[in-house]
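File shown: run_30.csv (CSV, C-alpha atoms and all ligand atoms).
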chain,number,residue,atom,x,y,z
E,3,MET,CA,0.0,0.0,0.0
E,4,LYS,CA,2.8,2.4,1.0
E,5,HIS,CA,4.6,1.7,-2.2
E,6,ILE,CA,1.6,2.7,-4.4
E,7,ARG,CA,1.2,5.9,-2.4
E,8,LEU,CA,4.9,6.9,-2.8
E,9,ARG,CA,4.6,6.3,-6.5
E,10,ARG,CA,1.6,8.6,-6.8
E,11,ILE,CA,3.3,11.3,-4.8
E,12,SER,CA,6.4,11.1,-7.0
E,13,GLY,CA,4.2,11.3,-10.2
E,14,LEU,CA,2.5,14.4,-8.8
E,15,ALA,CA,5.9,15.9,-8.0
E,16,ILE,CA,7.0,15.4,-11.6
E,17,ALA,CA,3.8,16.9,-12.9
E,18,THR,CA,4.1,19.9,-10.5
E,19,ALA,CA,7.7,20.4,-11.6
E,20,LEU,CA,6.7,20.4,-15.3
E,21,PHE,CA,4.0,23.0,-14.8
E,22,ALA,CA,5.7,25.2,-12.2
E,23,ALA,CA,9.2,24.7,-13.7
E,24,ALA,CA,10.5,24.2,-10.2
E,25,PRO,CA,13.8,22.3,-10.8
E,26,PHE,CA,14.2,21.2,-7.1
E,27,LEU,CA,11.0,19.2,-7.3
E,28,SER,CA,12.2,17.5,-10.4
E,29,ALA,CA,15.5,16.6,-8.8
E,30,GLN,CA,13.6,15.3,-5.8
E,31,ALA,CA,11.5,13.1,-8.0
E,32,GLN,CA,14.5,11.7,-9.8
E,33,GLN,CA,16.1,10.9,-6.5
E,34,GLN,CA,13.1,8.7,-5.7
E,35,HIS,CA,13.9,6.7,-8.8
E,36,ALA,CA,17.6,6.4,-8.2
E,37,HIS,CA,18.9,3.5,-10.2
E,38,VAL,CA,22.5,2.6,-9.3
E,39,HIS,CA,23.8,-0.8,-10.2
E,40,GLY,CA,24.8,-2.7,-7.0
E,41,GLN,CA,22.4,-0.7,-4.8
E,42,MET,CA,19.0,-1.7,-3.6
E,43,LYS,CA,16.3,0.2,-1.7
E,44,LEU,CA,14.6,-1.8,1.0
E,45,ASP,CA,11.8,-0.3,3.0
E,46,VAL,CA,10.3,-2.1,6.0
E,47,ALA,CA,7.0,-1.1,7.4
E,48,ILE,CA,5.6,-2.7,10.6
E,49,ASP,CA,2.0,-2.0,10.6
E,50,GLY,CA,-0.5,-3.8,12.9
E,51,PRO,CA,-0.1,-7.5,12.4
E,52,THR,CA,2.0,-7.2,9.2
E,53,VAL,CA,5.6,-6.7,8.3
E,54,VAL,CA,5.8,-5.3,4.7
E,55,ILE,CA,9.1,-5.2,2.9
E,56,ASP,CA,9.3,-3.0,-0.2
E,57,MET,CA,12.2,-3.6,-2.5
E,58,GLU,CA,13.4,-1.5,-5.4
E,59,SER,CA,16.4,-2.8,-7.3
E,60,PRO,CA,18.0,-2.4,-10.7
E,61,LEU,CA,17.3,-5.7,-12.5
E,62,ASP,CA,21.1,-6.1,-13.0
E,63,ASN,CA,21.5,-6.8,-9.3
E,64,ILE,CA,19.2,-9.7,-9.5
E,65,VAL,CA,19.9,-11.4,-12.9
E,66,GLY,CA,23.0,-9.6,-14.3
E,67,PHE,CA,21.2,-7.9,-17.3
E,68,GLU,CA,18.4,-5.4,-17.8
E,69,ARG,CA,16.2,-6.7,-20.6
E,70,ALA,CA,14.0,-9.7,-21.4
E,71,PRO,CA,16.1,-12.9,-21.3
E,72,LYS,CA,17.2,-14.2,-24.7
E,73,THR,CA,19.3,-17.4,-24.3
E,74,ASP,CA,18.2,-20.5,-22.5
E,75,ALA,CA,20.9,-19.7,-19.8
E,76,GLU,CA,19.4,-16.3,-19.3
E,77,LYS,CA,15.9,-17.7,-19.1
E,78,ALA,CA,17.0,-20.2,-16.5
E,79,THR,CA,18.7,-17.4,-14.5
E,80,VAL,CA,15.4,-15.4,-14.5
E,81,GLU,CA,13.4,-18.4,-13.5
E,82,ALA,CA,15.7,-19.2,-10.6
E,83,ALA,CA,15.7,-15.6,-9.4
E,84,VAL,CA,11.9,-15.3,-9.6
E,85,ALA,CA,11.6,-18.6,-7.6
E,86,GLN,CA,14.0,-17.3,-5.0
E,87,LEU,CA,12.1,-14.0,-4.7
E,88,ARG,CA,8.8,-15.9,-4.3
E,89,ALA,CA,10.2,-18.0,-1.6
E,90,ALA,CA,10.8,-14.8,0.4
E,91,ASP,CA,10.9,-16.4,3.8
E,92,LYS,CA,14.3,-17.9,2.7
E,93,LEU,CA,15.6,-14.4,1.8
E,94,PHE,CA,14.2,-12.6,4.9
E,95,THR,CA,14.3,-14.2,8.3
E,96,ILE,CA,12.3,-11.9,10.6
E,97,ASP,CA,13.1,-11.8,14.3
E,98,PRO,CA,11.4,-14.9,15.7
E,99,ALA,CA,9.9,-12.8,18.5
E,100,ALA,CA,7.4,-11.5,15.9
E,101,ASN,CA,6.3,-15.0,14.9
E,102,CYS,CA,5.7,-14.2,11.2
E,103,LYS,CA,4.6,-16.3,8.2
E,104,LEU,CA,5.1,-15.3,4.6
E,105,GLY,CA,2.0,-13.8,3.0
E,106,PRO,CA,1.5,-12.4,-0.5
E,107,VAL,CA,4.6,-11.6,-2.7
E,108,ASP,CA,4.2,-9.1,-5.5
E,109,LEU,CA,6.9,-8.9,-8.2
E,110,ARG,CA,7.0,-6.1,-10.7
E,111,SER,CA,9.4,-5.9,-13.7
E,112,GLY,CA,8.6,-4.6,-17.2
E,113,ALA,CA,11.6,-6.3,-18.8
E,114,LEU,CA,10.5,-9.7,-17.3
E,115,GLY,CA,6.8,-9.1,-17.9
E,116,LEU,CA,6.0,-9.4,-14.2
E,117,GLY,CA,3.1,-7.5,-12.5
E,118,ASN,CA,2.5,-3.8,-13.0
E,119,PRO,CA,5.9,-2.2,-13.4
E,120,ASP,CA,6.9,1.3,-12.5
E,121,PRO,CA,6.3,3.5,-15.6
E,122,ASN,CA,9.2,5.8,-14.6
E,123,GLU,CA,12.1,3.6,-15.2
E,124,PRO,CA,15.2,5.3,-16.6
E,125,PRO,CA,15.7,4.8,-20.3
E,126,GLY,CA,17.9,1.8,-21.2
E,127,HIS,CA,17.6,0.4,-17.7
E,128,ALA,CA,15.2,-1.9,-16.0
E,129,ASP,CA,14.2,-2.5,-12.4
E,130,LEU,CA,12.8,-5.3,-10.4
E,131,ASP,CA,10.5,-4.1,-7.6
E,132,ALA,CA,8.8,-6.3,-5.1
E,133,THR,CA,6.5,-6.2,-2.1
E,134,PHE,CA,6.8,-9.0,0.4
E,135,SER,CA,4.1,-9.2,3.1
E,136,PHE,CA,4.4,-11.2,6.3
E,137,ASN,CA,1.6,-11.9,8.7
E,138,CYS,CA,2.7,-12.0,12.3
E,139,THR,CA,1.2,-12.7,15.7
E,140,ASN,CA,3.4,-10.1,17.3
E,141,ALA,CA,4.8,-7.9,14.5
E,142,GLY,CA,5.6,-5.0,16.9
E,143,ALA,CA,8.2,-7.2,18.7
E,144,ALA,CA,10.3,-7.4,15.5
E,145,LYS,CA,13.7,-5.7,16.0
E,146,PHE,CA,15.7,-7.3,13.2
E,147,ILE,CA,15.5,-9.1,9.9
E,148,ASP,CA,18.3,-11.4,8.7
E,149,LEU,CA,18.8,-10.8,5.0
E,150,ASN,CA,20.2,-13.5,2.6
E,151,LEU,CA,20.3,-11.0,-0.2
E,152,PHE,CA,24.1,-10.7,-0.5
E,153,SER,CA,24.5,-14.4,-0.7
E,154,VAL,CA,21.8,-15.0,-3.3
E,155,PHE,CA,22.3,-11.9,-5.5
E,156,LYS,CA,26.0,-11.6,-6.3
E,157,GLY,CA,25.7,-8.3,-8.0
E,158,LEU,CA,24.4,-6.6,-4.9
E,159,ARG,CA,26.8,-4.4,-3.0
E,160,GLN,CA,24.7,-2.1,-0.8
E,161,ILE,CA,21.3,-2.1,0.7
E,162,ASP,CA,19.7,1.3,1.8
E,163,SER,CA,16.9,0.7,4.2
E,164,GLN,CA,14.3,2.7,6.0
E,165,ILE,CA,12.3,1.1,8.8
E,166,ALA,CA,9.0,2.4,10.0
E,167,SER,CA,7.8,0.8,13.3
E,168,SER,CA,6.0,1.8,16.4
E,169,GLN,CA,9.5,2.3,17.9
E,170,GLY,CA,10.2,5.0,15.4
E,171,GLN,CA,11.7,5.6,12.0
E,172,PHE,CA,15.2,4.2,11.3
E,173,LYS,CA,17.6,4.5,8.4
E,174,ARG,CA,20.2,1.8,7.9
E,175,GLN,CA,22.8,1.0,5.2
E,176,LEU,CA,24.3,-2.4,4.8
E,177,LYS,CA,27.4,-3.1,2.6
E,178,ARG,CA,28.3,-6.4,1.1
E,179,PRO,CA,30.7,-8.1,3.5
E,180,ALA,CA,34.1,-9.1,2.2
E,181,GLY,CA,34.9,-12.6,1.0
E,182,ALA,CA,33.2,-15.6,2.5
E,183,GLN,CA,31.4,-13.4,5.0
E,184,ALA,CA,29.0,-12.5,2.2
E,185,ALA,CA,27.5,-16.0,2.3
E,186,GLN,CA,26.3,-15.4,5.9
E,187,PRO,CA,23.0,-13.6,6.5
E,188,ALA,CA,23.3,-9.8,7.0
E,189,ARG,CA,21.4,-8.5,10.0
E,190,LEU,CA,19.2,-5.4,9.5
E,191,SER,CA,18.4,-4.3,13.0
E,192,TRP,CA,16.6,-1.4,14.7
E,193,GLY,CA,15.0,-0.4,18.0
E,194,LYS,CA,16.1,-1.5,21.5
E,201,ZN,ZN,20.5,-0.2,-15.0
Turn this file's structure into structure tokens for me.
Ligand SMILES: [Zn+2]
Amino acid sequence: MKHIRLRRISGLAIATALFAAAPFLSAQAQQQHAHVHGQMKLDVAIDGPTVVIDMESPLDNIVGFERAPKTDAEKATVEAAVAQLRAADKLFTIDPAANCKLGPVDLRSGALGLGNPDPNEPPGHADLDATFSFNCTNAGAAKFIDLNLFSVFKGLRQIDSQIASSQGQFKRQLKRPAGAQAAQPARLSWGK
């Protein structure tokens, strides 16, 4: 839900910039669609009984290219990546105190023909965006999520995260650990 609202705001910001010729609004809108290979945006919202993880990533981080797959090898890479994203409880291990189960997974990518993709992708590039919803019996107790993203997606170097919970708003940045450490889960933590 949050994802859709952000998109609408950013669309409005672009329209406002065009009509009012206010360059700072346009720069702000572009920043919301930042597309830097190796970097991923991960927003976590803890709301009532749910933990919702919103991911925005250049497609390159996930499959190593940014267009529809052509060869059999590329098709297999895409299939494997999509299967891994759908099995999101293997990518995200939420603090057991929250007692969460994976709910709906929504994947969006124009290049891969998935879902309703973001219409504002930069020319010549492609994103893969996703929303992972978890249903929890004690969502408010969650204070960390262990991420298996660095081990699964080799092109990923940095995760920029914002967490919105009843304990407050947090910003976190995780960098790919060196060497064999990257195979271990990376902990995204917040709160006390
Ligand atoms: Zn790109």
Test item: residues at most 8 Å from Pro119 of chain E, all atoms listed in the file, excluding those fewer than 4 positions along its chain, as a list in words:
Arg110, Ser111, Gly112 and Asp131 of chain E
Within 9 Å of ligand ZN 201 (chain E) (only C-alpha atoms and all ligand atoms), residues as a PyMOL selection string
chain E and resi 37-39+60-63+67-68+124-129
Neighbours of Ala90 of chain E within 12 Å (only C-alpha atoms; same-chain residues fewer than 5 positions away dropped), as a ChimeraX atom specification?
/E:54-57,83-85,95-96,102-109,132-136,148-151,154
Given all atoms listed in the file as the basis, pick out the residue of E:Ile48, E:Cys138, E:Ala144, E:Ile64 nearest to Leu87 of chain E.
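Result for the nearest residue to Leu87 of chain E: E:Ile64.
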May I ask for the distance between atom CA of Gly157 of chain E and atom CA of Pro98 of chain E, given in Å to one decimal place?
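Computing the Euclidean distance for atom CA of Gly157 of chain E and atom CA of Pro98 of chain E yields 28.5 Å.
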Nearest-residue call for Glu58 of chain E, choices E:Ala141, E:Asp162, E:Phe94, E:Arg174, using only C-alpha atoms:
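Of all the options, E:Asp162 lies closest to Glu58 of chain E.
Put simply, atom CA of Ala70 of chain E is 23.0 Å away from atom CA of Arg159 of chain E.
Here atom CA of Leu130 of chain E stands at a distance of 28.5 Å from atom CA of Ser168 of chain E.
The residue that comes closest to Met42 of chain E, out of E:Gln164, E:Gln169, E:Gln186, E:Thr139 and on the basis of all atoms listed in the file, is E:Gln164.
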Min atom-atom distance to Pro71 of chain E from the set E:Leu190, E:Gly115, E:Arg178, E:Gln171, counting all atoms listed in the file, belongs to E:Gly115
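Shortest separation to Gln41 of chain E among E:Asn122, E:Asn137, E:Asn101, E:Ser59 occurs at residue E:Ser59, atoms counted being only C-alpha atoms.
The nearest approach to Glu81 of chain E among the residues E:Ala47, E:Ala100, E:Leu116, E:Val53, with only C-alpha atoms taken into account, belongs to E:Leu116.
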